[in-house]
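As stored in final32.txt (compact mmCIF, C-alpha atoms):
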```txt
# COMPACT_ATOMS: atom_id res chain seq x y z
CA MET A 1 8.02 -82.67 18.04
CA PRO A 2 7.34 -84.74 14.94
CA PRO A 3 9.75 -84.38 12.01
CA TRP A 4 7.07 -83.21 9.56
CA LEU A 5 6.21 -80.29 11.90
CA ALA A 6 9.87 -79.32 12.10
CA ILE A 7 10.04 -79.34 8.26
CA ILE A 8 6.96 -77.08 8.00
CA ILE A 9 8.36 -74.68 10.61
CA GLY A 10 11.74 -74.66 8.84
CA VAL A 11 10.11 -73.97 5.43
CA ALA A 12 7.95 -71.21 6.98
CA ALA A 13 11.02 -69.65 8.62
CA GLY A 14 12.92 -69.83 5.32
CA LEU A 15 10.04 -68.21 3.40
CA THR A 16 9.76 -65.49 6.04
CA ALA A 17 13.50 -64.87 5.85
CA ILE A 18 13.38 -64.71 2.03
CA GLY A 19 10.37 -62.30 2.19
CA THR A 20 12.14 -60.08 4.70
CA VAL A 21 15.37 -60.04 2.65
CA TRP A 22 13.28 -59.22 -0.48
CA ARG A 23 11.35 -56.42 1.24
CA LEU A 24 14.27 -54.82 3.10
CA LEU A 25 17.24 -55.44 0.80
CA ILE A 26 16.53 -56.61 -2.74
CA LYS A 27 13.46 -54.46 -3.61
CA PRO A 28 14.95 -51.13 -2.32
CA THR A 29 18.21 -51.93 -4.11
CA ALA A 30 16.32 -52.58 -7.37
CA GLU A 31 14.39 -49.28 -6.96
CA LEU A 32 17.65 -47.46 -6.31
CA ILE A 33 19.15 -48.94 -9.48
CA VAL A 34 16.11 -47.80 -11.52
CA LEU A 35 16.35 -44.27 -10.05
CA GLN A 36 20.08 -44.21 -10.76
CA GLN A 37 19.44 -45.18 -14.37
CA ARG A 38 16.96 -42.30 -14.69
CA ALA A 39 19.36 -39.81 -13.04
CA LEU A 40 22.42 -40.90 -14.99
CA PRO A 41 21.60 -38.86 -18.15
CA LEU A 42 20.99 -35.78 -16.02
CA LEU A 43 24.29 -36.26 -14.24
CA ARG A 44 26.06 -36.66 -17.61
CA ASP A 45 24.47 -33.39 -18.86
CA LEU A 46 25.45 -31.56 -15.69
CA THR A 47 28.99 -32.88 -16.01
CA GLN A 48 29.19 -31.56 -19.57
CA VAL A 49 27.74 -28.17 -18.62
CA PHE A 50 30.11 -27.72 -15.71
CA ALA A 51 33.13 -29.24 -17.46
CA THR A 52 34.42 -25.79 -18.36
CA VAL A 53 33.84 -24.42 -14.87
CA PRO A 54 36.72 -25.21 -12.53
CA LYS A 55 34.47 -25.38 -9.46
CA PRO A 56 30.83 -26.24 -10.29
CA PHE A 57 29.52 -25.38 -6.86
CA ASP A 58 30.76 -21.81 -7.19
CA VAL A 59 27.77 -21.18 -9.48
CA LEU A 60 25.41 -22.42 -6.78
CA ALA A 61 27.22 -20.34 -4.20
CA ASP A 62 26.77 -17.24 -6.41
CA ILE A 63 23.06 -17.94 -6.76
CA ILE A 64 22.70 -18.43 -3.02
CA SER A 65 24.62 -15.24 -2.30
CA GLU A 66 22.09 -13.21 -4.36
CA PHE A 67 19.42 -14.06 -1.78
CA ARG A 68 21.36 -12.61 1.15
CA THR A 69 21.62 -8.92 1.88
CA ASN A 70 25.03 -7.32 1.48
CA GLY A 71 24.24 -3.63 1.59
CA GLY A 72 22.73 -2.95 -1.81
CA THR A 73 23.88 -5.11 -4.71
CA THR A 74 21.97 -8.39 -4.31
CA LEU A 75 18.51 -9.30 -5.54
CA ARG A 76 17.34 -9.39 -1.94
CA ASP A 77 18.45 -5.76 -1.42
CA VAL A 78 16.62 -4.69 -4.58
CA VAL A 79 13.44 -6.40 -3.42
CA ASN A 80 13.75 -4.76 0.00
CA ARG A 81 14.18 -1.33 -1.63
CA LEU A 82 11.18 -1.91 -3.87
CA ASP A 83 9.10 -2.94 -0.88
CA ALA A 84 10.11 0.20 1.03
CA ALA A 85 9.41 2.39 -2.02
CA ALA A 86 5.97 0.83 -2.39
CA ALA A 87 5.17 1.63 1.24
CA VAL A 88 6.33 5.24 0.77
CA ASN A 89 4.24 5.54 -2.40
CA ALA A 90 1.18 4.18 -0.63
CA ALA A 91 1.58 6.76 2.15
CA ALA A 92 2.09 9.55 -0.40
CA ALA A 93 -1.03 8.46 -2.27
CA GLU A 94 -3.03 8.60 0.95
CA VAL A 95 -1.73 12.10 1.71
CA LEU A 96 -2.54 13.20 -1.84
CA LYS A 97 -6.04 11.80 -1.51
CA ILE A 98 -6.59 13.81 1.67
CA GLU A 99 -5.17 16.96 0.06
CA VAL A 100 -7.47 16.57 -2.96
CA GLU A 101 -10.49 16.20 -0.69
CA ALA A 102 -9.46 19.25 1.35
CA THR A 103 -8.99 21.27 -1.85
CA ARG A 104 -12.41 20.18 -3.07
CA GLN A 105 -14.03 21.24 0.19
CA LEU A 106 -12.22 24.58 0.12
CA ALA A 107 -13.36 25.15 -3.46
CA VAL A 108 -16.97 24.51 -2.46
CA ARG A 109 -16.61 26.90 0.45
CA ASP A 110 -14.95 29.53 -1.77
CA ARG A 111 -17.83 29.32 -4.26
CA GLU A 112 -20.33 29.76 -1.44
CA GLU A 113 -18.36 32.72 -0.09
CA MET A 114 -18.15 34.28 -3.56
CA ALA A 115 -21.91 33.97 -3.97
CA ARG A 116 -22.43 35.66 -0.58
CA MET A 117 -20.00 38.43 -1.52
CA LEU A 118 -21.75 39.02 -4.86
CA ILE A 119 -25.08 39.30 -3.10
CA PHE A 120 -23.52 41.67 -0.56
CA MET A 121 -22.01 43.80 -3.34
CA ASP A 122 -25.34 43.95 -5.17
CA ARG A 123 -27.12 45.06 -2.01
CA LEU A 124 -24.43 47.62 -1.25
CA THR A 125 -24.68 48.96 -4.79
CA VAL A 126 -28.43 49.32 -4.40
CA LYS A 127 -27.95 51.20 -1.12
CA VAL A 128 -25.30 53.51 -2.58
CA ASP A 129 -27.50 54.22 -5.61
CA ALA A 130 -30.44 54.98 -3.35
CA ALA A 131 -28.29 57.25 -1.20
CA SER A 132 -26.83 59.02 -4.24
CA ARG A 133 -30.29 59.93 -5.45
CA THR A 134 -30.80 61.93 -2.29
CA GLY A 135 -27.83 64.13 -3.13
CA ASP A 136 -25.40 63.27 -0.36
CA ARG A 137 -23.44 60.69 -2.25
CA ILE A 138 -20.23 60.26 -0.31
CA GLU A 139 -21.71 60.84 3.12
CA ALA A 140 -24.63 58.51 2.41
CA ALA A 141 -22.37 55.74 1.12
CA ALA A 142 -20.10 56.08 4.14
CA VAL A 143 -23.08 55.82 6.50
CA VAL A 144 -24.35 52.71 4.71
CA VAL A 145 -20.92 51.04 4.75
CA ALA A 146 -20.37 51.96 8.42
CA ALA A 147 -23.78 50.51 9.32
CA ASP A 148 -22.96 47.27 7.47
CA LEU A 149 -19.56 47.01 9.18
CA LYS A 150 -21.14 47.58 12.59
CA ASP A 151 -23.70 44.84 11.89
CA SER A 152 -20.90 42.47 10.82
CA HIS A 153 -18.90 43.21 13.99
CA ASP A 154 -21.99 42.70 16.14
CA ARG A 155 -22.65 39.32 14.54
CA ALA A 156 -18.97 38.30 15.02
CA ASP A 157 -18.97 39.47 18.65
CA ALA A 158 -22.09 37.40 19.32
CA ILE A 159 -20.10 34.24 18.57
CA GLU A 160 -17.29 34.11 21.13
CA GLY A 161 -14.44 31.63 21.26
CA HIS A 162 -14.85 30.30 17.71
CA PRO A 163 -12.86 32.47 15.27
CA GLY A 164 -13.99 30.52 12.18
CA GLU A 165 -17.65 30.80 13.11
CA ALA A 166 -17.21 34.47 13.99
CA ALA A 167 -15.69 35.18 10.58
CA ASP A 168 -18.51 33.30 8.88
CA ALA A 169 -21.10 35.28 10.83
CA ALA A 170 -19.38 38.57 10.02
CA SER A 171 -19.32 37.76 6.30
CA ARG A 172 -23.07 37.15 6.12
CA SER A 173 -24.91 40.30 5.32
CA THR A 174 -28.42 40.85 6.62
CA VAL A 175 -29.04 43.58 4.07
```

Please express the file's structure as structure tokens.
Amino acid sequence: MPPWLAIIIGVAAGLTAIGTVWRLLIKPTAELIVLQQRALPLLRDLTQVFATVPKPFDVLADIISEFRTNGGTTLRDVVNRLDAAAAVNAAAAEVLKIEVEATRQLAVRDREEMARMLIFMDRLTVKVDAASRTGDRIEAAAVVVAADLKDSHDRADAIEGHPGEAADAASRSTV
């Protein structure tokens, strides 16, 4: 091998070694020094803040302990209770919504029933008045009421096995 080639290889190896040392050792050390210079004021402030506290990490331990359950006094327990209360409130709201709808439907049905009863009472009044004109007031009224009751029972008996439908049929007057 000629001496000039050995010099070039030696220089190349030296430059490669210097580049590797720069990249792996000097540059990271310089970056670490810059970061340390930035963090130094923060560390000084923390040292001053915690100078009066005998054990600075006790504060961190207290903060960490607030995020673990202990049976009722930590922040985590409060959040868990609030979450459970929200679920109970949501279920109660759903029940209330159903109850309001059922009440509304019952009110509609009650109004319909009241209208049917008013019509029935008007018709019964007309029948009693007509019967009273003939002179047999009490007997005529009793016959009319008995006939209406028999018709109601017949309509209810026609619908077997469904008590609600039977009651509805009995309440409707054909008079």

Pairwise distance for CA of Ile119 (chain A) and CA of Arg104 (chain A), rounded to one decimal in Å
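Here the two named atoms are 22.9 Å from each other.
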
For Arg76 (chain A), which residue out of A:Val88, A:Leu46, A:Ile63, A:Val108 is the nearest one, using only C-alpha atoms?
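For Arg76 (chain A), the nearest of the given residues is A:Ile63.
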
What does the distance between CA of Ala130 (chain A) and CA of Asp148 (chain A) come to in Å, to one decimal place?
15.2 Å

note - CA of Ser152 (chain A) and CA of Lys127 (chain A) are separated by 16.4 Å

With all atoms listed in the file as the basis for distance, which of A:Ala13, A:Val100, A:Phe50, A:Val145 is at the shortest distance from Thr125 (chain A)?
A:Val145
